[in-house]
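Source file: run_15.cif (mmCIF, C-alpha atoms)
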```cif
data_run
#
loop_
_atom_site.label_atom_id
_atom_site.label_comp_id
_atom_site.auth_asym_id
_atom_site.auth_seq_id
_atom_site.Cartn_x
_atom_site.Cartn_y
_atom_site.Cartn_z
CA MET A 72 0.00 0.00 0.00
CA LYS A 73 2.84 2.34 0.85
CA LYS A 74 4.41 1.66 -2.57
CA TYR A 75 1.22 2.70 -4.37
CA LEU A 76 0.93 5.83 -2.27
CA LEU A 77 4.54 6.70 -3.02
CA LEU A 78 3.98 6.19 -6.75
CA LEU A 79 0.88 8.38 -6.65
CA PHE A 80 2.82 11.06 -4.80
CA LEU A 81 5.60 11.00 -7.38
CA VAL A 82 3.15 11.32 -10.27
CA LEU A 83 1.25 14.18 -8.67
CA SER A 84 4.43 15.99 -7.71
CA GLY A 85 5.81 15.79 -11.27
CA CYS A 86 8.76 13.63 -10.36
CA ILE A 87 8.11 11.14 -13.16
CA PHE A 88 9.18 12.62 -16.51
CA VAL A 89 8.43 11.65 -20.10
CA ASP A 90 11.56 11.04 -22.15
CA GLU A 91 11.84 14.00 -24.55
CA SER A 92 15.37 13.35 -25.81
CA PRO A 93 15.99 13.11 -29.59
CA ASN A 94 17.25 9.55 -29.08
CA ARG A 95 14.21 8.30 -27.21
CA CYS A 96 12.99 6.12 -30.10
CA TYR A 97 15.90 3.70 -30.26
CA HIS A 98 14.87 1.59 -27.28
CA LEU A 99 11.51 0.78 -28.89
CA TRP A 100 11.29 -2.76 -30.24
CA ASP A 101 8.03 -2.46 -32.15
CA PRO A 102 8.85 -1.18 -35.70
CA SER A 103 5.54 0.68 -35.99
CA GLN A 104 6.03 2.51 -32.70
CA LYS A 105 9.62 3.30 -33.59
CA ASP A 106 8.65 4.80 -36.97
CA ASN A 107 5.92 6.93 -35.41
CA CYS A 108 8.32 8.03 -32.69
CA LEU A 109 10.94 9.05 -35.26
CA LEU A 110 8.28 10.97 -37.16
CA MET A 111 7.42 12.88 -34.00
CA VAL A 112 11.06 13.62 -33.18
CA ALA A 113 11.75 14.78 -36.74
CA THR A 114 8.85 17.24 -36.72
CA GLN A 115 9.66 18.50 -33.23
CA THR A 116 13.34 19.06 -33.95
CA SER A 117 13.10 19.83 -37.71
CA ASN A 118 15.75 17.17 -38.18
CA ILE A 119 15.22 15.66 -41.62
CA SER A 120 17.82 12.94 -40.98
CA LYS A 121 15.33 11.32 -38.59
CA CYS A 122 13.00 10.78 -41.55
CA ASP A 123 15.77 8.78 -43.23
CA GLU A 124 15.71 6.31 -40.34
CA ILE A 125 12.03 5.48 -40.75
CA ASN A 126 11.52 2.02 -42.28
CA ARG A 127 8.01 2.29 -43.67
CA THR A 128 8.04 4.28 -46.92
CA TYR A 129 4.70 6.03 -46.52
CA ILE A 130 5.60 7.19 -43.00
CA ALA A 131 8.98 8.42 -44.24
CA GLU A 132 7.31 10.36 -47.07
CA GLN A 133 4.85 11.83 -44.59
CA CYS A 134 7.80 12.87 -42.45
CA TYR A 135 9.58 14.64 -45.34
CA SER A 136 6.35 16.31 -46.39
CA MET A 137 5.60 17.63 -42.90
CA LEU A 138 9.07 19.12 -42.59
CA LEU A 139 8.73 20.77 -45.99
CA MET A 140 5.47 22.40 -44.91
CA ASN A 141 7.25 23.65 -41.80
CA GLY A 142 9.85 25.35 -43.99
CA THR A 143 12.74 22.93 -43.53
CA VAL A 144 15.28 23.39 -46.33
CA THR A 145 15.64 20.35 -48.53
CA ASN A 146 17.50 19.20 -51.63
CA ILE A 147 16.98 17.12 -54.75
CA SER A 148 17.95 13.86 -53.08
CA THR A 149 15.23 14.35 -50.46
CA CYS A 150 12.59 15.04 -53.11
CA GLU A 151 13.64 11.91 -54.99
CA LYS A 152 12.82 9.83 -51.91
CA MET A 153 9.16 10.78 -52.30
CA SER A 154 6.57 9.87 -54.89
CA GLY A 155 3.48 11.27 -56.59
CA VAL A 156 2.01 14.53 -55.38
CA ARG A 157 4.44 14.78 -52.47
CA LYS A 158 7.41 14.55 -54.80
CA ASP A 159 5.98 17.25 -57.07
CA ASP A 160 5.23 19.46 -54.08
CA CYS A 161 8.77 18.96 -52.83
CA PHE A 162 10.29 20.15 -56.11
CA SER A 163 7.82 23.05 -56.24
CA ARG A 164 8.86 24.20 -52.77
CA LEU A 165 12.51 23.70 -53.60
CA ALA A 166 12.12 25.79 -56.76
CA ALA A 167 10.48 28.58 -54.77
CA ALA A 168 13.17 28.45 -52.08
CA LYS A 169 16.00 28.52 -54.62
CA ASN A 170 14.12 30.78 -57.07
CA ASP A 171 15.17 28.39 -59.83
CA THR A 172 12.91 27.00 -62.58
CA SER A 173 15.20 24.01 -63.16
CA PHE A 174 13.55 22.39 -60.15
CA CYS A 175 10.12 23.07 -61.66
CA MET A 176 11.08 20.96 -64.66
CA ARG A 177 11.34 17.92 -62.40
CA ILE A 178 7.65 18.18 -61.52
CA ASN A 179 5.62 15.46 -63.20
CA PHE A 180 2.15 17.05 -63.08
CA SER A 181 2.06 19.59 -65.92
CA TYR A 182 -0.37 21.99 -64.23
CA GLN A 183 1.80 22.27 -61.12
CA ARG A 184 4.95 22.49 -63.25
CA ASP A 185 3.52 25.39 -65.28
CA ASN A 186 2.38 27.16 -62.14
CA CYS A 187 5.83 26.76 -60.62
CA ILE A 188 7.54 28.20 -63.71
CA SER A 189 5.12 31.11 -63.90
CA LYS A 190 5.70 32.15 -60.28
CA ILE A 191 9.46 32.26 -60.69
CA ALA A 192 9.37 33.95 -64.10
CA ILE A 193 7.12 36.68 -62.72
CA ALA A 194 9.34 37.05 -59.65
CA HIS A 195 12.36 37.50 -61.93
CA GLU A 196 10.38 39.71 -64.32
CA ASN A 197 11.92 37.67 -67.12
CA PRO A 198 9.46 36.78 -69.93
CA ASN A 199 11.90 34.29 -71.46
CA MET A 200 11.52 32.13 -68.37
CA CYS A 201 7.84 31.61 -69.28
CA GLU A 202 8.78 29.61 -72.39
CA PRO A 203 8.63 26.09 -70.86
CA ILE A 204 4.98 26.58 -69.81
CA SER A 205 3.01 23.94 -71.68
CA ILE A 206 -0.33 25.74 -72.13
CA ASN A 207 -0.19 28.53 -74.69
CA ALA A 208 -2.69 30.83 -72.96
CA SER A 209 -0.88 30.50 -69.63
CA ARG A 210 2.48 31.09 -71.29
CA ASN A 211 1.22 34.26 -72.97
CA LEU A 212 -0.38 35.51 -69.77
CA CYS A 213 2.88 34.95 -67.91
CA LYS A 214 4.80 36.98 -70.50
CA ASN A 215 2.17 39.69 -70.84
CA GLN A 216 1.99 40.32 -67.11
CA ILE A 217 5.75 40.78 -67.07
CA PHE A 218 5.67 43.11 -70.08
CA GLU A 219 3.02 45.25 -68.40
CA TRP A 220 5.03 45.46 -65.18
CA LEU A 221 8.17 46.34 -67.12
CA ALA A 222 6.25 49.07 -68.94
CA ILE A 223 5.13 50.58 -65.63
CA GLU A 224 8.44 50.14 -63.82
CA ASN A 225 10.44 51.59 -66.70
CA LYS A 226 7.77 54.12 -67.72
CA ASP A 227 8.22 52.82 -71.25
CA ILE A 228 5.32 51.97 -73.57
CA SER A 229 7.63 49.98 -75.86
CA PHE A 230 7.06 47.02 -73.54
CA CYS A 231 3.34 47.27 -74.30
CA ARG A 232 4.11 46.60 -77.95
CA LEU A 233 5.65 43.27 -76.96
CA LEU A 234 2.35 41.90 -75.69
CA ILE A 235 1.38 38.58 -77.23
CA ALA A 236 -2.12 37.87 -78.56
CA GLU A 237 -3.43 34.52 -79.70
CA ASN A 238 -3.55 35.71 -83.30
CA GLY A 239 -0.42 37.81 -83.43
CA PHE A 240 -0.12 41.55 -82.82
CA ASN A 241 -3.21 43.14 -81.32
CA GLN A 242 -3.43 46.94 -81.15
CA ASP A 243 -6.26 46.79 -78.63
CA MET A 244 -4.01 44.93 -76.21
CA VAL A 245 -1.36 47.59 -76.68
CA ASP A 246 -3.92 50.33 -76.06
CA ARG A 247 -5.11 48.61 -72.89
CA CYS A 248 -1.54 48.32 -71.68
CA ILE A 249 -0.86 52.00 -72.33
CA PHE A 250 -4.12 52.87 -70.60
CA THR A 251 -3.04 50.82 -67.56
CA LEU A 252 0.36 52.50 -67.62
CA ALA A 253 -1.19 55.97 -67.68
CA LYS A 254 -3.57 55.08 -64.87
CA SER A 255 -0.88 53.45 -62.72
CA LEU A 256 1.48 56.40 -63.09
CA ASN A 257 -1.35 58.94 -62.95
CA ASP A 258 0.10 60.54 -66.06
CA THR A 259 -2.30 61.29 -68.92
CA SER A 260 0.55 62.21 -71.28
CA TYR A 261 0.82 58.52 -72.13
CA CYS A 262 -2.79 58.53 -73.31
CA ASN A 263 -1.79 60.23 -76.55
CA GLN A 264 -0.09 56.99 -77.61
CA ILE A 265 -3.43 55.13 -77.62
CA SER A 266 -4.61 54.57 -81.19
CA ASN A 267 -8.33 54.19 -80.48
CA GLU A 268 -9.69 57.73 -80.27
CA PHE A 269 -12.51 56.87 -77.90
CA SER A 270 -10.19 54.99 -75.55
CA LYS A 271 -7.74 57.86 -75.74
CA GLU A 272 -10.45 60.31 -74.72
CA ILE A 273 -11.45 58.12 -71.77
CA CYS A 274 -7.82 57.88 -70.73
CA ILE A 275 -7.38 61.65 -70.83
CA THR A 276 -10.69 62.77 -69.33
CA GLY A 277 -11.45 59.86 -67.04
CA LYS A 278 -15.09 60.03 -68.09
CA ILE A 279 -16.63 56.70 -68.97
CA ASP A 280 -20.08 55.86 -70.22
CA PRO A 281 -20.25 52.16 -71.21
CA ALA A 282 -23.47 52.81 -73.14
CA THR A 283 -21.49 54.96 -75.54
CA CYS A 284 -19.38 51.94 -76.49
CA ASN A 285 -22.37 50.40 -78.23
CA GLN A 286 -22.42 53.34 -80.63
CA ILE A 287 -18.99 52.44 -82.01
CA ALA A 288 -19.38 50.74 -85.39
CA ASP A 289 -15.97 49.07 -85.49
CA SER A 290 -16.20 45.80 -83.55
CA MET A 291 -12.60 45.90 -82.34
CA GLY A 292 -12.97 49.49 -81.22
CA LYS A 293 -16.17 48.60 -79.41
CA GLN A 294 -14.44 45.74 -77.60
CA ALA A 295 -11.58 47.98 -76.56
CA CYS A 296 -14.06 50.56 -75.31
CA LEU A 297 -16.02 48.03 -73.24
CA TYR A 298 -12.82 46.58 -71.80
CA ILE A 299 -11.43 49.94 -70.74
CA ALA A 300 -14.79 51.02 -69.33
CA ALA A 301 -15.01 47.83 -67.27
CA THR A 302 -11.45 47.88 -65.95
CA TYR A 303 -11.57 51.60 -65.25
CA SER A 304 -14.66 51.07 -63.08
CA ASP A 305 -12.90 48.38 -60.98
CA ASP A 306 -16.27 46.61 -60.92
CA PRO A 307 -15.95 42.91 -61.87
CA SER A 308 -19.62 42.71 -62.85
CA LYS A 309 -18.81 45.03 -65.77
CA CYS A 310 -16.57 42.31 -67.22
CA GLN A 311 -19.72 40.44 -68.19
CA THR A 312 -20.15 42.90 -71.06
CA MET A 313 -17.05 41.51 -72.75
CA PRO A 314 -17.82 39.66 -76.01
CA SER A 315 -15.54 36.66 -75.36
CA GLN A 316 -14.53 34.53 -72.40
CA SER A 317 -10.86 35.34 -72.86
CA MET A 318 -11.60 39.07 -72.65
CA LYS A 319 -13.76 38.49 -69.58
CA ASP A 320 -10.93 36.58 -67.91
CA ASN A 321 -8.39 39.29 -68.78
CA CYS A 322 -10.81 41.89 -67.46
CA TYR A 323 -11.11 40.05 -64.14
CA ILE A 324 -7.33 39.76 -63.91
CA GLN A 325 -6.87 43.47 -64.51
CA ILE A 326 -9.50 44.45 -61.92
CA ALA A 327 -8.06 41.99 -59.39
CA LYS A 328 -4.66 43.56 -60.01
CA ASN A 329 -6.03 47.10 -59.68
CA THR A 330 -7.98 46.40 -56.51
CA LYS A 331 -5.63 43.81 -54.96
CA ASP A 332 -8.71 41.67 -54.37
CA GLU A 333 -8.21 37.90 -54.72
CA LYS A 334 -11.97 37.34 -54.69
CA VAL A 335 -12.18 38.75 -58.21
CA CYS A 336 -9.94 35.92 -59.44
CA ALA A 337 -12.68 33.43 -58.55
CA PHE A 338 -14.74 34.65 -61.53
CA ILE A 339 -12.10 33.47 -64.02
CA SER A 340 -13.12 30.39 -66.00
CA SER A 341 -9.71 28.72 -66.36
CA VAL A 342 -8.04 27.14 -63.33
CA ASP A 343 -4.58 28.03 -64.66
CA LEU A 344 -5.48 31.67 -65.23
CA ARG A 345 -7.25 31.79 -61.87
CA ASP A 346 -4.09 30.67 -60.10
CA GLN A 347 -1.96 33.13 -62.04
CA CYS A 348 -4.42 35.87 -61.09
CA ASN A 349 -3.93 34.99 -57.42
CA GLN A 350 -0.16 35.18 -57.91
CA ILE A 351 -0.48 38.62 -59.48
CA VAL A 352 -2.62 39.95 -56.64
CA LYS A 353 -0.20 38.64 -54.00
CA ARG A 354 2.85 40.02 -55.78
#
```
Could you express the structure from this file as structure tokens?
Amino acid sequence: MKKYLLLLFLVLSGCIFVDESPNRCYHLWDPSQKDNCLLMVATQTSNISKCDEINRTYIAEQCYSMLLMNGTVTNISTCEKMSGVRKDDCFSRLAAAKNDTSFCMRINFSYQRDNCISKIAIAHENPNMCEPISINASRNLCKNQIFEWLAIENKDISFCRLLIAENGFNQDMVDRCIFTLAKSLNDTSYCNQISNEFSKEICITGKIDPATCNQIADSMGKQACLYIAATYSDDPSKCQTMPSQSMKDNCYIQIAKNTKDEKVCAFISSVDLRDQCNQIVKR
């Protein structure tokens, strides 16, 4: 009876301690318990070498993945120890940490690979880095966003003339870029470089009446007018007046960029463009 009372006293007084040392797993005989213990130690100490000691593959991969999410620096050899989505995520995180698209190219899932490349290309403001993106629309968007930023940062409309359209050079895209440049810099002198007279007038005066756009006979001019009216309003509902889905999506991207509102990106039809929109807003 005295022994039990003594044990109870020791427990209540905190004299019995749980082993918290990094080496506490090695005395465990059960392989399952040992693996789970090593997983716990690895996450608590951010020691990736503990993951290497885990016998069961899926527990080891879980260990590597958890450390990656916690920000533990890794390398190619660690990523190669994983499989499937975890392996792709590892290379994606490594690419972001190193700011190097070569790691993106090791990603198997094309969507994630393209997204990885786009993020780094935009961060570098280097349109040539967008080239490996597999989807044409995403590749062009990656480049065009960079050209627009370069135009604003360098106060140089020549970058607007580098914008890429699906069917070659598009003057309306150039006009929209110049309009954005003028608005961003709050300098109407750039407006004189806009070829569409109606868009130029809007750029200079800041007065917009979307109903007037319907009076424009030229279809391309009308589209440019509607686009500028919508983006100038910063109201995503106005993008619904765009004649094509691609113009609607570009309209949402521009408004999301102007307002720094990620919620606007949710209106975009394409998953790829939606993700790129979120990147642009967070930039």
Mind giving me the straight-line distance from CA of Asp332 in chain A to CA of Lys353 in chain A in Å, one decimal? 9.0 Å
Shell of 12 Å around Thr283 in chain A, only C-alpha atoms, local chain residues under 4 positions omitted, as number ranges by chain: A: 269-270, 273, 278-279, 287-288, 292-294, 296-297, 300
Rank A:Tyr182, A:Cys322, A:Asp227, A:Ser103 by their smallest atom-to-atom distance to Ser205 in chain A, using all atoms listed in the file, and report the top residue only.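 Result for the nearest residue to Ser205 in chain A: A:Tyr182.
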Mind telling me what the PyMOL selection byres ((chain A and resi 118-124) around 8) catches here, as a PyMOL selection string? chain A and resi 106+109-110+112-117+125-126+131-132+134-135+138+143
File of the preceding selection, C-alpha atoms, as a PDB file, in the coordinates of the input:
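Writing the result to selection.pdb gives the following:
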```
ATOM      1  CA  ASP A 106       8.650   4.800 -36.970  1.00  0.00           C
ATOM      2  CA  LEU A 109      10.940   9.050 -35.260  1.00  0.00           C
ATOM      3  CA  LEU A 110       8.280  10.970 -37.160  1.00  0.00           C
ATOM      4  CA  VAL A 112      11.060  13.620 -33.180  1.00  0.00           C
ATOM      5  CA  ALA A 113      11.750  14.780 -36.740  1.00  0.00           C
ATOM      6  CA  THR A 114       8.850  17.240 -36.720  1.00  0.00           C
ATOM      7  CA  GLN A 115       9.660  18.500 -33.230  1.00  0.00           C
ATOM      8  CA  THR A 116      13.340  19.060 -33.950  1.00  0.00           C
ATOM      9  CA  SER A 117      13.100  19.830 -37.710  1.00  0.00           C
ATOM     10  CA  ILE A 125      12.030   5.480 -40.750  1.00  0.00           C
ATOM     11  CA  ASN A 126      11.520   2.020 -42.280  1.00  0.00           C
ATOM     12  CA  ALA A 131       8.980   8.420 -44.240  1.00  0.00           C
ATOM     13  CA  GLU A 132       7.310  10.360 -47.070  1.00  0.00           C
ATOM     14  CA  CYS A 134       7.800  12.870 -42.450  1.00  0.00           C
ATOM     15  CA  TYR A 135       9.580  14.640 -45.340  1.00  0.00           C
ATOM     16  CA  LEU A 138       9.070  19.120 -42.590  1.00  0.00           C
ATOM     17  CA  THR A 143      12.740  22.930 -43.530  1.00  0.00           C
TER      18      THR A 143
END
```
Between CA of Ile324 in chain A and CA of Arg345 in chain A - distance in Å to one decimal: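 Interatomic distance, CA of Arg345 in chain A to CA of Ile324 in chain A: 8.2 Å.
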For the file shown, what are the residues hit by the PyMOL selection byres ((chain A and resi 214) around 9), laid out as a PDB file with C-alpha atoms, keeping the file's coordinate frame?
```pdb
ATOM      1  CA  SER A 189       5.120  31.110 -63.900  1.00  0.00           C
ATOM      2  CA  ALA A 192       9.370  33.950 -64.100  1.00  0.00           C
ATOM      3  CA  ILE A 193       7.120  36.680 -62.720  1.00  0.00           C
ATOM      4  CA  GLU A 196      10.380  39.710 -64.320  1.00  0.00           C
ATOM      5  CA  ASN A 197      11.920  37.670 -67.120  1.00  0.00           C
ATOM      6  CA  PRO A 198       9.460  36.780 -69.930  1.00  0.00           C
ATOM      7  CA  ASN A 199      11.900  34.290 -71.460  1.00  0.00           C
ATOM      8  CA  MET A 200      11.520  32.130 -68.370  1.00  0.00           C
ATOM      9  CA  CYS A 201       7.840  31.610 -69.280  1.00  0.00           C
ATOM     10  CA  GLU A 202       8.780  29.610 -72.390  1.00  0.00           C
ATOM     11  CA  SER A 209      -0.880  30.500 -69.630  1.00  0.00           C
ATOM     12  CA  ARG A 210       2.480  31.090 -71.290  1.00  0.00           C
ATOM     13  CA  ASN A 211       1.220  34.260 -72.970  1.00  0.00           C
ATOM     14  CA  LEU A 212      -0.380  35.510 -69.770  1.00  0.00           C
ATOM     15  CA  CYS A 213       2.880  34.950 -67.910  1.00  0.00           C
ATOM     16  CA  ASN A 215       2.170  39.690 -70.840  1.00  0.00           C
ATOM     17  CA  GLN A 216       1.990  40.320 -67.110  1.00  0.00           C
ATOM     18  CA  ILE A 217       5.750  40.780 -67.070  1.00  0.00           C
ATOM     19  CA  PHE A 218       5.670  43.110 -70.080  1.00  0.00           C
ATOM     20  CA  GLU A 219       3.020  45.250 -68.400  1.00  0.00           C
ATOM     21  CA  LEU A 234       2.350  41.900 -75.690  1.00  0.00           C
ATOM     22  CA  ILE A 235       1.380  38.580 -77.230  1.00  0.00           C
TER      23      ILE A 235
END
```
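Using only C-alpha atoms, the smallest distance between any of A:Arg354, A:Lys319, A:His195, A:Lys271 and Ile339 in chain A comes from A:Lys319.
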For CA of Ile178 in chain A and CA of Gly155 in chain A, determine how far apart the two atoms are, in Å to one decimal place. 9.5 Å
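In terms of minimum interatomic distance to Asn267 in chain A, A:Gln242 ranks closest within A:Gln242, A:Asn141, A:Gln286, A:Asn146, counting only C-alpha atoms.
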Give the answer as one residue: which of A:Ser317, A:Asn107, A:Thr276, A:Ser163 has the shortest atom-to-atom distance to Ser340 in chain A, using all atoms listed in the file?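 Selected residue with least distance to Ser340 in chain A: A:Ser317.
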Among the residues A:Ser136, A:Gln350, A:Ser181, A:Thr302, the one that comes closest to Thr330 in chain A [using all atoms listed in the file]: A:Thr302
Looking at all atoms listed in the file, which of A:Glu268, A:Asp243, A:Asp343, A:Asp258 is the one that sits closest to Ala208 in chain A?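 Of A:Glu268, A:Asp243, A:Asp343, A:Asp258, the one nearest Ala208 in chain A, counting all atoms listed in the file, is A:Asp343.
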